[in-house]
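Data file: model.pdb. Format and content: PDB, C-alpha atoms and all ligand atoms.
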```pdb
ATOM      1  CA  MET J   1      24.405  27.808 -21.134
ATOM      2  CA  HIS J   2      22.604  28.094 -17.799
ATOM      3  CA  TRP J   3      19.912  25.764 -16.545
ATOM      4  CA  GLY J   4      17.533  26.057 -13.620
ATOM      5  CA  PHE J   5      14.126  25.446 -12.080
ATOM      6  CA  ASN J   6      11.381  28.074 -12.271
ATOM      7  CA  GLY J   7      13.913  30.596 -13.542
ATOM      8  CA  ARG J   8      16.121  30.062 -10.499
ATOM      9  CA  GLN J   9      19.603  28.665 -10.313
ATOM     10  CA  PHE J  10      21.510  27.034  -7.497
ATOM     11  CA  SER J  11      22.352  29.196  -4.526
ATOM     12  CA  GLU J  12      24.164  27.551  -1.621
ATOM     13  CA  ASN J  13      21.772  28.764   1.069
ATOM     14  CA  GLY J  14      18.875  29.765  -1.141
ATOM     15  CA  VAL J  15      15.442  28.328  -0.388
ATOM     16  CA  ALA J  16      12.475  30.094  -1.963
ATOM     17  CA  ALA J  17       9.137  30.289  -0.151
ATOM     18  CA  ASP J  18       7.633  27.656  -2.446
ATOM     19  CA  GLU J  19      10.562  25.333  -1.662
ATOM     20  CA  ILE J  20       9.696  25.191   2.061
ATOM     21  CA  ILE J  21       7.450  22.215   2.704
ATOM     22  CA  PRO J  22       5.639  21.296   5.927
ATOM     23  CA  PHE J  23       6.730  17.943   7.332
ATOM     24  CA  ASP J  24       4.528  15.015   6.312
ATOM     25  CA  GLN J  25       2.984  17.037   3.511
ATOM     26  CA  LEU J  26       1.773  15.528   0.263
ATOM     27  CA  GLU J  27       2.346  17.810  -2.710
ATOM     28  CA  VAL J  28       1.730  17.601  -6.436
ATOM     29  CA  TRP J  29       4.644  19.038  -8.404
ATOM     30  CA  GLU J  30       4.384  19.633 -12.110
ATOM     31  CA  LEU J  31       7.654  19.634 -14.038
ATOM     32  CA  LEU J  32       7.690  21.148 -17.518
ATOM     33  CA  ASN J  33      10.533  20.694 -19.948
ATOM     34  CA  GLU J  34       9.949  23.532 -22.375
ATOM     35  CA  THR J  35      13.465  24.599 -23.250
ATOM     36  CA  ALA J  36      13.132  25.005 -27.016
ATOM     37  CA  PRO J  37      15.173  25.499 -29.115
ATOM     38  CA  MET J  38      17.732  23.726 -26.860
ATOM     39  CA  ALA J  39      15.441  20.889 -25.907
ATOM     40  CA  MET J  40      17.227  18.189 -23.940
ATOM     41  CA  ASN J  41      16.215  15.447 -21.579
ATOM     42  CA  HIS J  42      16.459  16.074 -17.830
ATOM     43  CA  PRO J  43      16.536  13.226 -15.292
ATOM     44  CA  VAL J  44      15.321  15.117 -12.214
ATOM     45  CA  HIS J  45      16.312  13.684  -8.825
ATOM     46  CA  ILE J  46      14.581  14.835  -5.635
ATOM     47  CA  HIS J  47      16.408  14.159  -2.355
ATOM     48  CA  GLY J  48      14.662  13.683   0.980
ATOM     49  CA  ALA J  49      11.383  12.410  -0.420
ATOM     50  CA  GLN J  50       9.905   9.804  -2.681
ATOM     51  CA  PHE J  51       7.176  10.279  -5.225
ATOM     52  CA  GLN J  52       4.870   8.595  -7.668
ATOM     53  CA  VAL J  53       4.330   9.635 -11.268
ATOM     54  CA  LEU J  54       0.702  10.729 -11.661
ATOM     55  CA  SER J  55       0.740  11.598 -15.343
ATOM     56  CA  ARG J  56       2.816  12.467 -18.368
ATOM     57  CA  SER J  57       1.941  14.497 -21.411
ATOM     58  CA  VAL J  58       3.903  16.091 -24.207
ATOM     59  CA  ASN J  59       3.696  19.188 -26.336
ATOM     60  CA  GLU J  60       2.378  18.282 -29.792
ATOM     61  CA  SER J  61       5.531  19.520 -31.523
ATOM     62  CA  TYR J  62       7.608  16.914 -29.660
ATOM     63  CA  MET J  63       5.199  14.020 -30.172
ATOM     64  CA  ALA J  64       7.252  12.094 -32.761
ATOM     65  CA  GLY J  65      10.331  11.841 -30.565
ATOM     66  CA  TRP J  66       8.249  11.144 -27.455
ATOM     67  CA  GLU J  67       6.423   8.283 -29.175
ATOM     68  CA  SER J  68       9.783   6.627 -29.798
ATOM     69  CA  VAL J  69      10.586   6.411 -26.068
ATOM     70  CA  ARG J  70       7.360   6.573 -24.071
ATOM     71  CA  HIS J  71       6.752   2.818 -24.094
ATOM     72  CA  GLY J  72      10.045   2.379 -22.234
ATOM     73  CA  TYR J  73       8.940   4.341 -19.174
ATOM     74  CA  VAL J  74       8.470   2.416 -15.943
ATOM     75  CA  ASP J  75       6.421   4.878 -13.927
ATOM     76  CA  GLU J  76       4.797   2.490 -11.443
ATOM     77  CA  GLY J  77       5.976   2.482  -7.819
ATOM     78  CA  TRP J  78       7.914   4.890  -5.639
ATOM     79  CA  LYS J  79      10.650   6.946  -7.320
ATOM     80  CA  ASP J  80      13.382   9.420  -6.478
ATOM     81  CA  THR J  81      14.198  10.322 -10.090
ATOM     82  CA  VAL J  82      12.014  11.052 -13.091
ATOM     83  CA  LEU J  83      13.072  11.517 -16.707
ATOM     84  CA  LEU J  84      11.616  14.460 -18.605
ATOM     85  CA  MET J  85      11.994  14.283 -22.337
ATOM     86  CA  PRO J  86      11.869  17.447 -24.464
ATOM     87  CA  GLY J  87       8.409  19.003 -24.494
ATOM     88  CA  GLU J  88       7.211  16.791 -21.673
ATOM     89  CA  ARG J  89       5.047  17.680 -18.669
ATOM     90  CA  VAL J  90       5.123  15.315 -15.684
ATOM     91  CA  ARG J  91       2.947  15.510 -12.572
ATOM     92  CA  LEU J  92       4.364  13.951  -9.402
ATOM     93  CA  LEU J  93       2.734  13.132  -6.060
ATOM     94  CA  ILE J  94       5.485  13.674  -3.493
ATOM     95  CA  ARG J  95       5.437  12.719   0.184
ATOM     96  CA  PHE J  96       7.750  14.863   2.298
ATOM     97  CA  GLY J  97       7.445  12.795   5.462
ATOM     98  CA  ASP J  98      10.586  10.828   6.248
ATOM     99  CA  PHE J  99      12.978  13.404   7.690
ATOM    100  CA  ALA J 100      12.969  17.152   8.205
ATOM    101  CA  GLY J 101      15.914  19.116   6.869
ATOM    102  CA  THR J 102      17.388  20.789   3.828
ATOM    103  CA  TYR J 103      17.831  18.718   0.704
ATOM    104  CA  VAL J 104      18.542  19.369  -2.933
ATOM    105  CA  TYR J 105      16.667  18.554  -6.083
ATOM    106  CA  HIS J 106      18.587  18.657  -9.319
ATOM    107  CA  CYS J 107      19.042  17.424 -12.830
ATOM    108  CA  HIS J 108      21.224  14.341 -12.926
ATOM    109  CA  ASN J 109      23.002  15.495 -16.082
ATOM    110  CA  LEU J 110      26.142  16.745 -14.381
ATOM    111  CA  GLU J 111      26.727  19.564 -16.833
ATOM    112  CA  HIS J 112      23.186  20.787 -16.092
ATOM    113  CA  SER J 113      23.459  20.662 -12.287
ATOM    114  CA  ASP J 114      26.931  22.200 -12.522
ATOM    115  CA  SER J 115      25.463  25.113 -14.477
ATOM    116  CA  GLY J 116      22.673  25.829 -12.018
ATOM    117  CA  MET J 117      19.993  23.162 -12.398
ATOM    118  CA  MET J 118      19.949  22.389  -8.689
ATOM    119  CA  ARG J 119      17.940  23.961  -5.891
ATOM    120  CA  ASN J 120      17.410  23.490  -2.172
ATOM    121  CA  LEU J 121      14.164  22.434  -0.601
ATOM    122  CA  ARG J 122      13.483  22.506   3.116
ATOM    123  CA  ILE J 123      11.146  20.149   4.945
ATOM    124  CA  GLU J 124      10.159  21.602   8.335
TER
HETATM  125 CU    CU J 201      19.156  18.468 -17.265
END
```

Rendering of file as C-alpha cells:
Amino acid sequence: MHWGFNGRQFSENGVAADEIIPFDQLEVWELLNETAPMAMNHPVHIHGAQFQVLSRSVNESYMAGWESVRHGYVDEGWKDTVLLMPGERVRLLIRFGDFAGTYVYHCHNLEHSDSGMMRNLRIE
C-alpha cells in the first residue's frame, strides 16, 4: 500500500511548483480524502505554518460514519494538524509567514508517512 498527496509520494529533495509558497502568503488548501475502497482517516500535520479550518464536508456515501464523529471536532482556533475522515473534504486557510525554509507536511499515521504520505513545502 502506498499513500501520498496529489498523486505524489515523499522524495527527499522533491518540492513541486505548487509546494513553493511566497513568504507571508495566505493560501486556501483543500484536502480531499477519497481513497475508496481503502478509506481510512488521515491526521494531516503541516510544519512551518499554522492554519484555521474554514469548512468541512463529506461525500454522501460516507455520511453515516461522519455523523458519528463530526460533533467531536474542535475546529476553532489555530491548528497545525487536521483530521480527515473517510470521504471528507476540508478547506484550510494557511498563513505561511513565520519562517522561510523547507518543511514537511505529512499524515501522522506513521505507516502512512512511512509509505509515502509526506511531502516537502518551501516557503521563500
Ligand atoms: Cu494517513

Atom-to-atom span, atom CA of His42 of chain J and atom CA of Asp18 of chain J, Å: 21.2 Å

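Distance annotation: of J:Arg89, J:His71, J:His45, J:Arg95, the residue with the minimal separation from Asn59 of chain J is J:Arg89; atom set is all atoms listed in the file.
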
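Using all atoms listed in the file, residues with at least one atom at most 8 Å away from any atom of ligand CU 201 (chain J) are J:Trp3, J:Met40, J:Asn41, J:His42, J:Pro43, J:Val44, J:His106, J:Cys107, J:His108, J:Asn109, J:Leu110, J:Glu111, J:His112, J:Ser113, J:Met117.
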
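For the set J:Leu32, J:Val58, J:Val53, J:Ala39, the residue with the smallest atom-to-atom gap to Tyr73 of chain J is J:Val53, counting all atoms listed in the file.
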
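Taking atom CA of Thr102 of chain J as the reference point, atom CA of Val82 of chain J is found at 20.2 Å.
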
3 Å per side around segment 98-104 of chain J: axis-aligned box centre and edge lengths, as AutoDock Vina command-line options:
```
--center_x 14.6 --center_y 15.8 --center_z 2.6 --size_x 14.0 --size_y 16.0 --size_z 17.1
```

Expected selection from the PyMOL selection byres (((chain J and resi 93) around 9) and not hetatm), given as a PyMOL selection string: chain J and resi 26-29+50-54+91-92+94-95

Explicit residues for the PyMOL selection byres (((chain J and resi 62) around 10) and not hetatm) (as JSON, numbers by chain): {"J": [39, 58, 59, 60, 61, 63, 64, 65, 66, 67, 85, 86, 87, 88]}

Evaluate the PyMOL selection byres (((chain J and resi 119) around 12) and not hetatm) and report residues as a ChimeraX atom specification: /J:3-16,18-20,44-47,102-107,112-118,120-122

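What separates atom CA of Asp80 of chain J from atom CA of Met38 of chain J is a distance of 25.3 Å.
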